[in-house]
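Okay, structure first, notes after.
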Amino acid sequence: MNRIERFIEVLESKKLDGFLVTSNLDFRYLSHFSGSAGYLWISPKRCVFITDFRYETQAHQEVGDKAEI
C-alpha cells in the first residue's frame with residue numbers, strides 16, 4: 001500500500017470527500033514529485049496531480065501511476 005492509498009483510508013475514516021494538497025513538501029511526500037509547482041487532489045474516487053507544462057515529462061516520470069496527471 002502506497003502513501004496515497006493510506007491517505008485515502010484516512011479520508012474515508014474521517015468521512016471527507018477529498019483533500020487538496022498545495023504544499024510542495026506534502027505533495028512530494030505523497031507522490032514523489034520533486035518539482036516546485038503543483039497540486040495534488042486526493043479523493044476516494046480519484047487522485048489527480050496538477051502542474052504546468054514545464055514539468056510534464058518530470059511529472060510522468062516521478063508520479064507515474066500514483067495519480068492522473
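Within each chain, counting starts at residue 1; across the C-alpha cells, chains are named A, B, ... in the order shown, with ligands numbered 1 upward in that order.
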
Open item on the list: Just want the 9 Å neighbourhood of range 9-13 of chain A, counted on only C-alpha atoms, with same-chain residues fewer than 5 positions away dropped. Output as a PyMOL selection string.
Closed with: chain A and resi 4+18-19+42-44

Writing out the chosen residues with C-alpha atoms as a PDB file, in the first residue's frame:
ATOM      1  CA  ILE A   4      -1.700   7.921  -1.258  1.00  0.00           C
ATOM      2  CA  GLY A  18     -11.397  14.887  -0.774  1.00  0.00           C
ATOM      3  CA  PHE A  19      -8.313  16.884   0.045  1.00  0.00           C
ATOM      4  CA  ILE A  42      -6.915  13.160  -3.447  1.00  0.00           C
ATOM      5  CA  SER A  43     -10.370  11.646  -3.034  1.00  0.00           C
ATOM      6  CA  PRO A  44     -11.598   8.092  -2.586  1.00  0.00           C
TER       7      PRO A  44
END

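Here the DSSP assignment of alpha helix (DSSP H), based on backbone atoms, applies within chain A to A:Arg3, A:Ile4, A:Glu5, A:Arg6, A:Phe7, A:Ile8, A:Glu9, A:Val10, A:Leu11, A:Glu12, A:Ser13, A:Asn24, A:Leu25, A:Asp26, A:Phe27, A:Arg28, A:Tyr29, A:Leu30, A:Ser31, A:Glu56, A:Thr57, A:Gln58, A:Ala59, A:His60, A:Gln61, A:Glu62.
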
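Counting only C-alpha atoms, Arg54 in chain A has the following residues at most 12 Å away, ignoring those fewer than 6 positions along the same chain: Gly35, Ser36, Ala37, Gly38 and His60 of chain A.
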
If you run DSSP over the backbone, which residues in chain A end up strand (DSSP E or B)? Put them as an mmCIF file with N, CA and C atoms, in the first residue's frame.
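The result, stored in part00.cif:
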data_model
loop_
_atom_site.group_PDB
_atom_site.id
_atom_site.type_symbol
_atom_site.label_atom_id
_atom_site.label_comp_id
_atom_site.auth_asym_id
_atom_site.auth_seq_id
_atom_site.Cartn_x
_atom_site.Cartn_y
_atom_site.Cartn_z
ATOM 1 N N PHE A 19 -9.297 16.010 -0.584
ATOM 2 C CA PHE A 19 -8.313 16.884 0.045
ATOM 3 C C PHE A 19 -7.405 17.435 -1.048
ATOM 4 N N LEU A 20 -7.149 18.738 -1.036
ATOM 5 C CA LEU A 20 -6.254 19.370 -1.990
ATOM 6 C C LEU A 20 -4.924 19.653 -1.298
ATOM 7 N N VAL A 21 -3.879 19.035 -1.787
ATOM 8 C CA VAL A 21 -2.540 19.213 -1.231
ATOM 9 C C VAL A 21 -1.859 20.306 -2.037
ATOM 10 N N TYR A 39 -0.142 20.721 -7.597
ATOM 11 C CA TYR A 39 -1.208 20.452 -6.639
ATOM 12 C C TYR A 39 -1.567 18.978 -6.757
ATOM 13 N N LEU A 40 -2.035 18.425 -5.677
ATOM 14 C CA LEU A 40 -2.447 17.029 -5.681
ATOM 15 C C LEU A 40 -3.837 16.933 -5.072
ATOM 16 N N TRP A 41 -4.820 16.526 -5.887
ATOM 17 C CA TRP A 41 -6.187 16.318 -5.414
ATOM 18 C C TRP A 41 -6.337 14.848 -5.095
ATOM 19 N N ILE A 42 -6.734 14.547 -3.863
ATOM 20 C CA ILE A 42 -6.915 13.160 -3.447
ATOM 21 C C ILE A 42 -8.342 12.994 -2.941
ATOM 22 N N CYS A 47 -7.532 10.471 -7.896
ATOM 23 C CA CYS A 47 -6.319 11.139 -7.447
ATOM 24 C C CYS A 47 -5.695 11.812 -8.669
ATOM 25 N N VAL A 48 -5.533 13.142 -8.592
ATOM 26 C CA VAL A 48 -5.069 13.907 -9.746
ATOM 27 C C VAL A 48 -3.910 14.809 -9.328
ATOM 28 N N PHE A 49 -2.820 14.738 -10.095
ATOM 29 C CA PHE A 49 -1.699 15.647 -9.894
ATOM 30 C C PHE A 49 -1.760 16.713 -10.971
ATOM 31 N N ILE A 50 -1.686 17.984 -10.555
ATOM 32 C CA ILE A 50 -1.813 19.111 -11.479
ATOM 33 C C ILE A 50 -0.532 19.930 -11.424
ATOM 34 N N GLU A 68 -3.488 10.538 -11.678
ATOM 35 C CA GLU A 68 -3.675 11.066 -13.023
ATOM 36 C C GLU A 68 -2.863 12.347 -13.133
#

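For the residues A:Ile8, A:Asn2, A:Phe33, A:Lys14, ranking by smallest atom-to-atom distance to Glu62 in chain A using only C-alpha atoms places A:Phe33 first.
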
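Residues in contact with Leu30 in chain A at 6 Å, where only C-alpha atoms are counted and same-chain residues fewer than 2 positions away are skipped, are listed as Arg3, Ile4, Phe27 and Arg28 of chain A.
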
Could you dump the residues just selected with all heavy atoms as a CSV table (one decimal), in the first residue's frame?
chain,number,residue,atom,x,y,z
A,3,ARG,N,1.6,5.6,-0.1
A,3,ARG,CA,1.2,6.7,0.8
A,3,ARG,C,-0.1,7.3,0.4
A,3,ARG,O,-0.9,7.6,1.3
A,3,ARG,CB,2.3,7.7,0.8
A,3,ARG,CG,3.6,7.3,1.4
A,3,ARG,CD,4.7,8.3,1.2
A,3,ARG,NE,5.9,7.7,1.8
A,3,ARG,CZ,7.1,8.3,1.6
A,3,ARG,NH1,7.3,9.3,0.8
A,3,ARG,NH2,8.2,7.7,2.2
A,4,ILE,N,-0.4,7.4,-0.8
A,4,ILE,CA,-1.7,7.9,-1.3
A,4,ILE,C,-2.8,7.0,-0.8
A,4,ILE,O,-3.9,7.5,-0.4
A,4,ILE,CB,-1.7,8.2,-2.8
A,4,ILE,CG1,-0.8,9.3,-3.1
A,4,ILE,CG2,-3.1,8.5,-3.3
A,4,ILE,CD1,-0.6,9.6,-4.6
A,27,PHE,N,3.1,17.3,-1.3
A,27,PHE,CA,2.8,16.5,-2.5
A,27,PHE,C,4.1,15.8,-2.9
A,27,PHE,O,4.0,14.7,-3.5
A,27,PHE,CB,2.2,17.3,-3.6
A,27,PHE,CG,3.0,18.4,-4.2
A,27,PHE,CD1,4.1,18.2,-5.0
A,27,PHE,CD2,2.5,19.7,-4.2
A,27,PHE,CE1,4.8,19.2,-5.6
A,27,PHE,CE2,3.2,20.8,-4.8
A,27,PHE,CZ,4.4,20.5,-5.5
A,28,ARG,N,5.2,16.2,-2.5
A,28,ARG,CA,6.5,15.4,-2.7
A,28,ARG,C,6.5,14.2,-1.9
A,28,ARG,O,6.8,13.1,-2.4
A,28,ARG,CB,7.7,16.3,-2.4
A,28,ARG,CG,9.0,15.5,-2.6
A,28,ARG,CD,10.2,16.3,-2.4
A,28,ARG,NE,10.2,17.4,-3.3
A,28,ARG,CZ,11.1,18.3,-3.4
A,28,ARG,NH1,12.2,18.3,-2.6
A,28,ARG,NH2,11.1,19.3,-4.3

TODO: Excluding Val63 in chain A and any residue of its chain fewer than 4 positions from it, enumerate the residues within 7 Å of it, using only C-alpha atoms, and give them as a ChimeraX atom specification.
DONE: /A:31-33,59,67

Open item on the list: Just the number, please: distance in Å from CA of Thr51 in chain A to CA of Ile69 in chain A, one decimal.
Closed with: 7.9 Å
